[in-house]
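Structure file input-v8.cif (mmCIF, C-alpha atoms and all ligand atoms) follows.
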data_target
#
loop_
_atom_site.label_atom_id
_atom_site.label_comp_id
_atom_site.auth_asym_id
_atom_site.auth_seq_id
_atom_site.Cartn_x
_atom_site.Cartn_y
_atom_site.Cartn_z
CA MET W 1 239.09 198.47 -71.12
CA ALA W 2 239.77 197.28 -67.62
CA GLU W 3 241.17 193.99 -66.47
CA VAL W 4 239.01 192.09 -64.02
CA ARG W 5 240.42 189.22 -61.98
CA ARG W 6 238.32 186.76 -60.04
CA THR W 7 239.00 183.60 -58.09
CA VAL W 8 236.54 180.73 -58.26
CA VAL W 9 236.63 177.90 -55.73
CA VAL W 10 235.67 174.42 -56.89
CA LYS W 11 235.70 171.13 -55.08
CA LEU W 12 237.43 168.23 -56.84
CA ASP W 13 235.85 164.83 -57.25
CA LEU W 14 238.70 162.34 -56.69
CA ASP W 15 239.02 158.61 -56.25
CA ASP W 16 241.24 157.33 -53.45
CA SER W 17 244.31 156.61 -55.52
CA ASP W 18 244.30 160.07 -57.13
CA ALA W 19 243.76 161.69 -53.73
CA THR W 20 246.76 159.77 -52.42
CA LEU W 21 248.87 161.02 -55.33
CA LEU W 22 247.82 164.60 -54.59
CA HIS W 23 248.71 164.19 -50.91
CA LYS W 24 252.17 162.97 -51.90
CA THR W 25 252.51 165.86 -54.35
CA VAL W 26 251.55 168.38 -51.65
CA GLU W 27 254.05 166.80 -49.26
CA GLU W 28 256.95 166.96 -51.70
CA TYR W 29 255.97 170.46 -52.84
CA LEU W 30 256.00 171.78 -49.26
CA TRP W 31 259.33 170.04 -48.74
CA ALA W 32 260.65 171.88 -51.83
CA CYS W 33 259.33 175.26 -50.59
CA ASN W 34 261.04 174.75 -47.24
CA TYR W 35 264.25 173.53 -48.87
CA VAL W 36 264.48 176.74 -50.93
CA VAL W 37 263.69 178.88 -47.87
CA ARG W 38 266.50 177.22 -45.90
CA ASP W 39 268.91 177.88 -48.74
CA ALA W 40 267.81 181.51 -49.09
CA TRP W 41 267.88 182.19 -45.37
CA GLN W 42 271.56 182.92 -44.82
CA ASP W 43 272.78 184.27 -41.47
CA ASP W 44 273.90 187.62 -42.78
CA TYR W 45 271.59 188.07 -45.79
CA LYS W 46 268.38 186.73 -47.30
CA LEU W 47 268.17 185.79 -50.96
CA THR W 48 265.00 186.79 -52.82
CA SER W 49 266.17 186.64 -56.44
CA LYS W 50 264.25 183.89 -58.22
CA ASN W 51 267.09 183.43 -60.73
CA LYS W 52 269.73 183.03 -58.06
CA LEU W 53 267.56 180.66 -56.06
CA HIS W 54 266.91 178.68 -59.22
CA ASP W 55 270.66 178.23 -59.83
CA ARG W 56 271.27 177.25 -56.23
CA THR W 57 268.39 174.84 -55.61
CA TYR W 58 266.80 173.57 -58.83
CA SER W 59 268.90 170.47 -59.47
CA ASP W 60 268.88 169.47 -55.77
CA VAL W 61 265.11 169.68 -55.59
CA ARG W 62 264.74 167.76 -58.86
CA GLU W 63 266.98 165.02 -57.48
CA GLN W 64 265.30 164.76 -54.11
CA THR W 65 261.67 164.95 -55.18
CA ARG W 66 259.54 163.52 -57.95
CA LEU W 67 258.09 166.95 -58.76
CA GLN W 68 258.04 168.02 -62.38
CA ALA W 69 260.03 171.06 -63.46
CA ASN W 70 257.12 173.50 -63.34
CA LEU W 71 256.17 172.56 -59.81
CA VAL W 72 259.79 172.87 -58.70
CA GLN W 73 259.78 176.41 -60.13
CA SER W 74 256.44 177.13 -58.49
CA ALA W 75 257.79 176.05 -55.08
CA ARG W 76 260.87 178.21 -55.57
CA ASN W 77 258.70 181.26 -56.48
CA ARG W 78 256.54 180.70 -53.46
CA ALA W 79 259.59 180.53 -51.18
CA ALA W 80 261.03 183.71 -52.72
CA GLU W 81 257.72 185.56 -52.24
CA ALA W 82 257.42 184.45 -48.61
CA ILE W 83 260.90 185.81 -47.89
CA LYS W 84 260.01 189.07 -49.62
CA GLY W 85 256.95 189.17 -47.33
CA VAL W 86 259.18 188.81 -44.28
CA ILE W 87 261.41 191.64 -45.49
CA ALA W 88 258.33 193.82 -46.09
CA ARG W 89 257.24 193.11 -42.52
CA TRP W 90 260.64 194.09 -41.20
CA LYS W 91 260.42 197.33 -43.18
CA ASN W 92 257.04 197.92 -41.53
CA GLY W 93 258.71 197.58 -38.14
CA LYS W 94 257.03 194.24 -37.42
CA LYS W 95 258.56 190.97 -36.28
CA ALA W 96 258.84 188.02 -38.64
CA SER W 97 260.78 184.79 -38.61
CA GLN W 98 261.95 182.30 -41.22
CA PRO W 99 258.93 181.11 -43.24
CA ASN W 100 257.90 177.51 -42.77
CA PHE W 101 255.42 176.01 -45.21
CA THR W 102 252.88 173.69 -43.62
CA THR W 103 249.58 174.72 -45.25
CA PRO W 104 248.67 171.90 -47.65
CA SER W 105 248.52 173.74 -50.93
CA VAL W 106 250.22 173.74 -54.33
CA ARG W 107 250.29 176.55 -56.84
CA TYR W 108 249.69 175.37 -60.41
CA ASP W 109 250.16 177.31 -63.62
CA LYS W 110 249.06 176.50 -67.17
CA ARG W 111 252.08 174.27 -67.75
CA SER W 112 251.62 172.12 -64.63
CA ALA W 113 247.83 171.97 -65.08
CA THR W 114 245.41 171.93 -67.99
CA PHE W 115 242.06 173.54 -67.27
CA HIS W 116 238.83 172.51 -68.93
CA ALA W 117 235.26 173.69 -68.44
CA ASP W 118 234.33 170.83 -66.14
CA HIS W 119 237.59 169.12 -65.20
CA VAL W 120 241.30 169.69 -64.71
CA SER W 121 244.45 167.72 -65.40
CA LEU W 122 247.07 168.16 -62.68
CA SER W 123 250.74 167.23 -62.58
CA THR W 124 251.60 164.97 -59.63
CA VAL W 125 254.65 163.11 -58.34
CA ASN W 126 253.61 160.29 -60.65
CA GLY W 127 252.34 161.65 -63.94
CA ARG W 128 249.08 163.48 -64.34
CA ILE W 129 245.65 162.88 -62.89
CA GLU W 130 242.30 164.13 -64.14
CA ALA W 131 239.71 165.44 -61.69
CA GLU W 132 236.11 166.48 -62.29
CA TYR W 133 234.88 169.74 -60.77
CA VAL W 134 231.92 169.55 -58.40
CA LEU W 135 229.90 172.45 -59.80
CA PRO W 136 226.59 173.98 -58.73
CA PRO W 137 223.82 174.13 -61.34
CA GLU W 138 224.17 176.97 -63.83
CA GLY W 139 222.84 180.18 -62.37
CA ASP W 140 223.83 183.22 -60.35
CA ASN W 141 227.06 181.84 -58.89
CA PRO W 142 230.77 182.58 -59.45
CA GLN W 143 231.33 179.19 -61.10
CA THR W 144 228.84 180.07 -63.83
CA THR W 145 229.85 183.70 -64.16
CA TYR W 146 233.61 183.17 -64.40
CA LEU W 147 234.34 179.52 -65.11
CA ARG W 148 231.65 178.69 -67.65
CA ASN W 149 232.27 181.95 -69.46
CA ASP W 150 234.56 182.10 -72.49
CA GLU W 151 235.32 185.76 -71.84
CA TYR W 152 237.19 184.79 -68.69
CA GLU W 153 240.59 183.23 -69.21
CA ILE W 154 242.01 180.91 -66.55
CA THR W 155 245.37 182.14 -65.27
CA GLY W 156 246.28 179.33 -62.87
CA ALA W 157 245.09 177.75 -59.66
CA THR W 158 246.01 176.87 -56.12
CA LEU W 159 245.22 173.37 -54.94
CA GLN W 160 244.18 173.30 -51.29
CA TYR W 161 243.44 170.43 -49.00
CA ARG W 162 240.83 170.93 -46.28
CA ASP W 163 241.55 168.63 -43.39
CA ALA W 164 238.18 169.01 -41.66
CA THR W 165 236.25 167.57 -44.58
CA ASP W 166 239.07 165.59 -46.21
CA THR W 167 238.52 167.41 -49.48
CA PHE W 168 240.70 168.96 -52.17
CA PHE W 169 239.67 172.32 -53.55
CA LEU W 170 240.98 174.27 -56.50
CA HIS W 171 241.07 178.06 -56.22
CA ILE W 172 241.01 178.95 -59.90
CA GLY W 173 242.23 182.38 -60.98
CA THR W 174 240.41 183.95 -63.92
CA LYS W 175 240.74 187.22 -65.77
CA ALA W 176 238.94 189.15 -68.48
CA ASP W 177 239.26 192.43 -70.26
CA VAL W 178 235.89 194.08 -69.91
CA GLU W 179 234.42 197.21 -71.40
CA SER W 180 234.26 199.22 -68.28
CA GLU W 181 230.89 199.71 -66.85
CA ILE W 182 233.35 199.25 -64.03
CA PRO W 183 235.12 202.56 -63.57
CA ASP W 184 238.86 202.70 -64.05
CA ALA W 185 241.15 205.63 -63.47
CA GLY W 186 240.64 206.85 -67.01
CA ASP W 187 236.92 207.27 -67.30
CA ALA W 188 235.92 208.08 -63.75
CA GLU W 189 236.08 211.84 -63.41
CA ASN W 190 235.19 211.71 -59.77
CA SER W 191 235.62 208.23 -58.43
CA THR W 192 235.47 207.43 -54.75
CA VAL W 193 237.36 204.73 -52.87
CA LEU W 194 236.37 202.76 -49.76
CA GLY W 195 239.46 201.42 -47.93
CA VAL W 196 239.18 198.15 -45.97
CA ASP W 197 241.69 196.83 -43.41
CA LEU W 198 241.59 193.14 -42.46
CA GLY W 199 242.70 191.74 -39.13
CA ILE W 200 242.25 189.17 -36.40
CA GLU W 201 240.83 191.35 -33.61
CA GLN W 202 238.74 193.30 -36.10
CA ILE W 203 237.97 191.15 -39.09
CA ALA W 204 237.31 194.26 -41.20
CA VAL W 205 237.43 198.03 -40.70
CA THR W 206 236.48 200.56 -43.38
CA SER W 207 237.83 204.04 -44.05
CA THR W 208 234.35 205.27 -43.15
CA GLY W 209 234.79 203.95 -39.61
CA MET W 210 232.69 200.76 -39.71
CA PHE W 211 234.14 197.94 -37.57
CA TRP W 212 233.37 194.21 -37.66
CA SER W 213 234.82 192.36 -34.70
CA GLY W 214 236.72 189.11 -35.23
CA ASP W 215 235.44 187.73 -31.89
CA TYR W 216 232.70 185.60 -33.37
CA LEU W 217 235.03 183.96 -35.90
CA ASN W 218 237.86 183.49 -33.41
CA HIS W 219 235.46 181.97 -30.92
CA ARG W 220 234.00 179.60 -33.49
CA ARG W 221 237.43 178.50 -34.61
CA ARG W 222 238.58 177.71 -31.06
CA GLU W 223 235.34 175.94 -30.23
CA TYR W 224 235.61 173.85 -33.35
CA GLU W 225 239.22 172.90 -32.62
CA ARG W 226 238.28 171.96 -29.05
CA VAL W 227 235.45 169.65 -30.10
CA ARG W 228 237.58 168.13 -32.82
CA ALA W 229 240.52 167.48 -30.47
CA GLY W 230 238.16 165.78 -28.01
CA LEU W 231 236.66 163.53 -30.65
CA GLN W 232 240.03 162.67 -32.15
CA ARG W 233 241.23 161.35 -28.78
CA THR W 234 238.42 158.78 -28.72
CA GLY W 235 238.72 158.18 -32.46
CA THR W 236 235.96 155.70 -33.31
CA GLU W 237 234.41 155.37 -36.74
CA SER W 238 231.27 157.32 -35.84
CA ASP W 239 233.37 160.05 -34.22
CA HIS W 240 235.16 160.45 -37.48
CA ARG W 241 231.84 161.09 -39.22
CA THR W 242 230.93 163.56 -36.48
CA ILE W 243 234.16 165.43 -37.17
CA GLU W 244 233.26 165.65 -40.82
CA GLN W 245 229.79 166.92 -39.98
CA ILE W 246 231.17 169.55 -37.60
CA GLY W 247 233.58 170.57 -40.34
CA ASP W 248 230.80 171.07 -42.87
CA ARG W 249 228.52 172.83 -40.42
CA GLU W 250 231.33 175.06 -39.20
CA THR W 251 232.29 176.00 -42.73
CA ARG W 252 228.70 176.93 -43.52
CA TRP W 253 228.34 179.06 -40.36
CA VAL W 254 231.51 180.93 -41.04
CA ALA W 255 230.74 181.36 -44.74
CA ASP W 256 227.31 182.70 -43.82
CA TYR W 257 228.84 185.18 -41.38
CA LEU W 258 231.38 186.32 -43.97
CA HIS W 259 228.57 186.72 -46.49
CA ARG W 260 226.81 189.08 -44.10
CA ILE W 261 229.95 191.16 -43.53
CA SER W 262 230.63 191.32 -47.27
CA LYS W 263 227.08 192.51 -47.88
CA ALA W 264 227.48 195.24 -45.25
CA ILE W 265 230.82 196.37 -46.74
CA VAL W 266 229.27 196.64 -50.20
CA GLN W 267 226.27 198.53 -48.75
CA GLU W 268 228.70 200.90 -47.05
CA ALA W 269 230.42 201.47 -50.41
CA VAL W 270 227.06 202.09 -52.12
CA ALA W 271 225.96 204.46 -49.34
CA HIS W 272 229.10 206.54 -49.83
CA GLY W 273 228.90 206.53 -53.62
CA CYS W 274 232.11 204.53 -53.97
CA ASP W 275 233.37 203.18 -57.29
CA TRP W 276 236.18 201.18 -55.72
CA ILE W 277 236.74 199.02 -52.67
CA ALA W 278 240.44 198.69 -51.82
CA PHE W 279 241.83 195.81 -49.74
CA GLU W 280 245.42 195.13 -48.86
CA GLU W 281 247.19 192.52 -51.00
CA LEU W 282 246.13 189.10 -49.69
CA THR W 283 249.18 187.19 -50.92
CA ASP W 284 251.34 186.40 -47.90
CA ILE W 285 249.02 188.34 -45.58
CA ARG W 286 249.61 185.61 -43.03
CA ASP W 287 253.33 186.37 -42.97
CA ARG W 288 252.53 189.99 -42.19
CA MET W 289 250.03 189.25 -39.42
CA PRO W 290 251.25 187.78 -36.13
CA GLY W 291 248.83 185.19 -34.74
CA ALA W 292 247.03 184.65 -38.04
CA LYS W 293 246.02 181.04 -38.64
CA LYS W 294 245.28 179.15 -41.83
CA PHE W 295 241.69 179.77 -40.89
CA HIS W 296 242.15 183.56 -41.12
CA MET W 297 243.80 183.27 -44.53
CA TRP W 298 240.84 181.30 -45.73
CA ALA W 299 238.38 183.75 -44.14
CA PHE W 300 240.09 186.84 -45.65
CA ARG W 301 240.13 185.29 -49.10
CA GLN W 302 236.49 184.27 -48.84
CA LEU W 303 235.52 187.72 -47.61
CA TYR W 304 237.38 189.38 -50.47
CA ASP W 305 235.80 187.04 -53.04
CA TYR W 306 232.32 187.66 -51.61
CA VAL W 307 232.85 191.42 -51.60
CA ALA W 308 234.24 191.41 -55.16
CA TYR W 309 231.32 189.36 -56.38
CA LYS W 310 228.62 191.42 -54.66
CA ALA W 311 230.33 194.72 -55.51
CA GLU W 312 230.38 193.88 -59.19
CA ALA W 313 226.59 193.70 -59.22
CA GLU W 314 226.61 197.32 -57.98
CA GLY W 315 229.14 198.44 -60.61
CA ILE W 316 231.82 198.70 -57.94
CA GLU W 317 235.28 197.24 -58.44
CA ALA W 318 237.18 195.51 -55.61
CA THR W 319 240.95 195.55 -55.83
CA GLN W 320 244.05 194.86 -53.73
CA VAL W 321 246.85 197.33 -53.05
CA ASP W 322 250.42 197.10 -51.75
CA PRO W 323 250.17 197.15 -47.94
CA ALA W 324 253.69 198.51 -47.27
CA TYR W 325 253.69 201.18 -44.54
CA THR W 326 249.89 201.32 -44.27
CA SER W 327 250.16 200.44 -40.58
CA LYS W 328 252.62 203.17 -39.61
CA ARG W 329 251.67 206.07 -41.86
CA CYS W 330 249.57 208.81 -40.30
CA SER W 331 246.33 209.03 -42.30
CA LYS W 332 246.00 212.68 -41.30
CA CYS W 333 249.39 214.26 -42.04
CA GLY W 334 251.11 211.48 -44.04
CA THR W 335 254.11 211.10 -41.71
CA THR W 336 255.46 207.54 -41.70
CA LEU W 337 257.28 206.54 -38.51
CA ASP W 338 257.81 203.21 -36.72
CA GLU W 339 256.84 204.85 -33.42
CA ASN W 340 253.44 205.93 -34.76
CA ARG W 341 252.10 202.43 -34.26
CA GLN W 342 252.03 202.27 -30.49
CA SER W 343 250.31 198.94 -29.95
CA GLN W 344 248.10 196.49 -31.77
CA ALA W 345 245.11 198.78 -31.34
CA LYS W 346 246.51 202.26 -30.93
CA PHE W 347 247.97 204.64 -33.47
CA CYS W 348 249.43 207.95 -32.35
CA CYS W 349 251.22 210.23 -34.82
CA GLN W 350 254.52 211.45 -33.38
CA LYS W 351 254.43 214.48 -35.62
CA CYS W 352 250.88 215.86 -35.54
CA GLY W 353 249.58 214.06 -32.46
CA TYR W 354 246.65 212.42 -34.28
CA GLU W 355 245.30 209.55 -32.16
CA ILE W 356 243.13 206.92 -33.76
CA ASN W 357 242.36 203.21 -33.74
CA ALA W 358 245.24 201.54 -35.59
CA ASP W 359 243.04 199.43 -37.90
CA TYR W 360 240.88 202.43 -38.82
CA ASN W 361 244.06 204.37 -39.63
CA ALA W 362 245.26 201.47 -41.81
CA ALA W 363 241.90 201.29 -43.64
CA LYS W 364 242.23 204.95 -44.60
CA ASN W 365 245.80 204.40 -45.79
CA ILE W 366 244.76 201.40 -47.90
CA GLY W 367 242.14 203.57 -49.59
CA PHE W 368 244.68 206.37 -49.93
CA ARG W 369 247.13 203.98 -51.63
CA LEU W 370 244.62 203.43 -54.43
CA LEU W 371 243.95 207.17 -54.65
CA ARG W 372 247.60 207.80 -55.33
CA ALA W 373 247.80 204.89 -57.77
CA GLY W 374 245.03 206.64 -59.73
CA GLN W 375 247.02 209.85 -59.75
CA LYS W 376 249.80 208.12 -61.70
CA SER W 377 247.36 206.89 -64.32
CA PRO W 378 248.45 207.61 -67.89
CA HIS W 379 244.93 208.83 -68.63
CA GLY W 380 245.47 211.68 -66.20
CA GLY W 381 242.82 214.08 -65.09
CA ALA W 382 240.86 211.69 -62.92
CA THR W 383 240.28 212.76 -59.36
CA ARG W 384 239.76 210.07 -56.81
CA HIS W 385 238.38 210.61 -53.37
CA LEU W 386 238.62 208.56 -50.23
CA ALA W 387 235.32 207.89 -48.49
CA LEU W 388 235.55 208.92 -44.84
CA LYS W 389 233.10 208.87 -41.93
CA SER W 390 231.68 212.19 -43.08
CA GLY W 391 232.79 213.51 -46.42
CA THR W 392 235.68 212.67 -48.72
CA LEU W 393 239.38 213.44 -49.03
CA ASN W 394 241.23 213.84 -52.33
CA VAL W 395 244.85 213.01 -52.96
CA ASN W 396 245.98 216.60 -52.55
CA GLY W 397 244.49 216.73 -49.07
CA GLY W 398 241.36 218.67 -50.10
CA TYR W 399 238.44 217.75 -47.86
CA SER W 400 234.75 217.92 -48.79
CA PRO W 401 232.16 217.48 -46.08
CA ALA W 402 229.26 215.14 -46.76
CA THR W 403 226.33 216.80 -48.46
CA GLN W 404 223.65 214.83 -46.69
ZN ZN W 501 250.19 212.92 -38.30
#
Please lay out the structure from this file as structure tokens.
Ligand SMILES: [Zn+2]
Amino acid sequence: MAEVRRTVVVKLDLDDSDATLLHKTVEEYLWACNYVVRDAWQDDYKLTSKNKLHDRTYSDVREQTRLQANLVQSARNRAAEAIKGVIARWKNGKKASQPNFTTPSVRYDKRSATFHADHVSLSTVNGRIEAEYVLPPEGDNPQTTYLRNDEYEITGATLQYRDATDTFFLHIGTKADVESEIPDAGDAENSTVLGVDLGIEQIAVTSTGMFWSGDYLNHRRREYERVRAGLQRTGTESDHRTIEQIGDRETRWVADYLHRISKAIVQEAVAHGCDWIAFEELTDIRDRMPGAKKFHMWAFRQLYDYVAYKAEAEGIEATQVDPAYTSKRCSKCGTTLDENRQSQAKFCCQKCGYEINADYNAAKNIGFRLLRAGQKSPHGGATRHLALKSGTLNVNGGYSPATQ
């Protein structure tokens, strides 16, 4: 058996008064996150222990907000994880400053929300509200496959507000134990991994040396912001509708582009006989990536979801691995040094002299991380390979050239 986790995005159908309650909830939740961060961020040390932060902040946050207990705990967990992300960045030799929560989102669990097949009940600053999901017709879509499927259990959800279209979305986490047609470390004698690195300059780079530039997305985002800023200055009623239309159109363009990249990544995995596609952990990726915007977070998550969904149809499993040190480890000799990462684009190993594009190096390390994870599998015996430009590498450093 293997555990499969999927995220399904659904739009919420809300009346004005419920939307207002959610806005207030988001506002107080972000305030709580930032309050905990400020408490944890001492001059000479940073607190990351959830228990300690609970003792120090819980009653203050309860007094100063109208959030229910579970949302107070959720905000505290989120603050603790963001600070852990900063510390991980420091360990990776990167810069990071005190986290500041501004993205309008709230993390719900099964105590602060009750999930039904077609609607949800959410805790707010004033009791609970019920919201219908806006679902596509039943068919070949994630909502049908994961949400309307009893085999998938809902684990929780993140509420997100999208400014451009003035809409609330729920990113619903689901999981299932499946009989593995999907290979896991135990039953795949010879499984192969495709590593994928995500970034701003290069939206995605694979361990096989495929690059997808981020230029198009970055350009679109700037263009969109420029048009929107111009329209907001004039601010008439019809301009407001234009903004909404641009928002919708923009979202569709970008989603379409991400769909095409995800298709190409899955084709690359199929072409190299891969059983796995490994991404870096997406939680807090923004804290690890200087210059990343909300937009990039959204794009990475979409791309991952698209890849996971398309990969599954090919019997390939997408997964996320711990990104620690993947940017400064040499993918050739394994030496990990701060100085190896010479600039945003250039990696040069100080030990063996290997020079390579930094994102390509990271993609190989992300794949390698999953290889080693497989090595520790209690089933034992499985050999995983990393798909490279030509041939594969196994965890012991054995290299096999491509046969065709
Ligand atoms: Zn090296």
Problem - Shell of 6 Å around Trp212 (chain W), all atoms listed in the file, local chain residues under 5 positions omitted, as a PyMOL selection string - result: chain W and resi 202-204
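Counting from CA of Gln350 (chain W), the distance to CA of Leu194 (chain W) is 25.9 Å.
CA of Val10 (chain W) is positioned 14.6 Å from CA of Thr251 (chain W).
In terms of minimum interatomic distance to Trp31 (chain W), W:Val72 ranks closest within W:Ala117, W:Val72, W:Ala269, W:Ala362, counting all atoms listed in the file.
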Could you produce a table of the residues of chain W lying within 7 Å of ligand ZN 501 (chain W), with the nearest pair of atoms per residue and their separation in Å rounded to one decimal, using all atoms listed in the file, ordered by chain and increasing residue number, as a tab-separated table?
residue	atom	partner	partner_atom	distance
W:Cys330	CA	W:ZN501	ZN	4.6
W:Ser331	CA	W:ZN501	ZN	6.8
W:Lys332	CA	W:ZN501	ZN	5.2
W:Cys333	CA	W:ZN501	ZN	4.1
W:Gly334	CA	W:ZN501	ZN	6.0
W:Thr335	CA	W:ZN501	ZN	5.5
W:Cys349	CA	W:ZN501	ZN	4.5
W:Gln350	CA	W:ZN501	ZN	6.7
W:Lys351	CA	W:ZN501	ZN	5.3
W:Cys352	CA	W:ZN501	ZN	4.1
W:Gly353	CA	W:ZN501	ZN	6.0
W:Tyr354	CA	W:ZN501	ZN	5.4
Residues of region 221-340 of chain W at most 8 Å from region 84-107 of chain W: nearest atom pair and distance in Å, all atoms listed in the file, as a tab-separated table:
residue	atom	partner	partner_atom	distance
W:Asp284	CA	W:Gly85	CA	6.3
W:Asp287	CA	W:Gly85	CA	6.3
W:Arg288	CA	W:Arg89	CA	5.7
W:Pro290	CA	W:Lys95	CA	8.0
W:Lys294	CA	W:Thr103	CA	7.1
W:Ala324	CA	W:Asn92	CA	6.7
W:Tyr325	CA	W:Asn92	CA	5.6
W:Ser327	CA	W:Asn92	CA	7.4
W:Lys328	CA	W:Asn92	CA	7.1
W:Asp338	CA	W:Gly93	CA	5.9
Keeping C-alpha atoms, export the residues of the selection given above as a PDB file, keeping the file's coordinate frame.
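Written file, part13.pdb:
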ATOM      1  CA  ASP W 284     251.340 186.400 -47.900  1.00  0.00           C
ATOM      2  CA  ASP W 287     253.330 186.370 -42.970  1.00  0.00           C
ATOM      3  CA  ARG W 288     252.530 189.990 -42.190  1.00  0.00           C
ATOM      4  CA  PRO W 290     251.250 187.780 -36.130  1.00  0.00           C
ATOM      5  CA  LYS W 294     245.280 179.150 -41.830  1.00  0.00           C
ATOM      6  CA  ALA W 324     253.690 198.510 -47.270  1.00  0.00           C
ATOM      7  CA  TYR W 325     253.690 201.180 -44.540  1.00  0.00           C
ATOM      8  CA  SER W 327     250.160 200.440 -40.580  1.00  0.00           C
ATOM      9  CA  LYS W 328     252.620 203.170 -39.610  1.00  0.00           C
ATOM     10  CA  ASP W 338     257.810 203.210 -36.720  1.00  0.00           C
TER      11      ASP W 338
END
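Here the question is which of W:Tyr146, W:Trp41, W:Phe115, W:Tyr360 gets nearest to Ala80 (chain W) using all atoms listed in the file, and that residue is W:Trp41.
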Handout entry: Shell of 10 Å around Gln245 (chain W), only C-alpha atoms, local chain residues under 6 positions omitted, as a ChimeraX atom specification
Key = /W:164-165,239,251
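Comparing the minimum interatomic distances between Tyr133 (chain W) and each of W:Arg111, W:Arg62, W:His171, W:Arg226, counting all atoms listed in the file, we find that W:His171 sits nearest.
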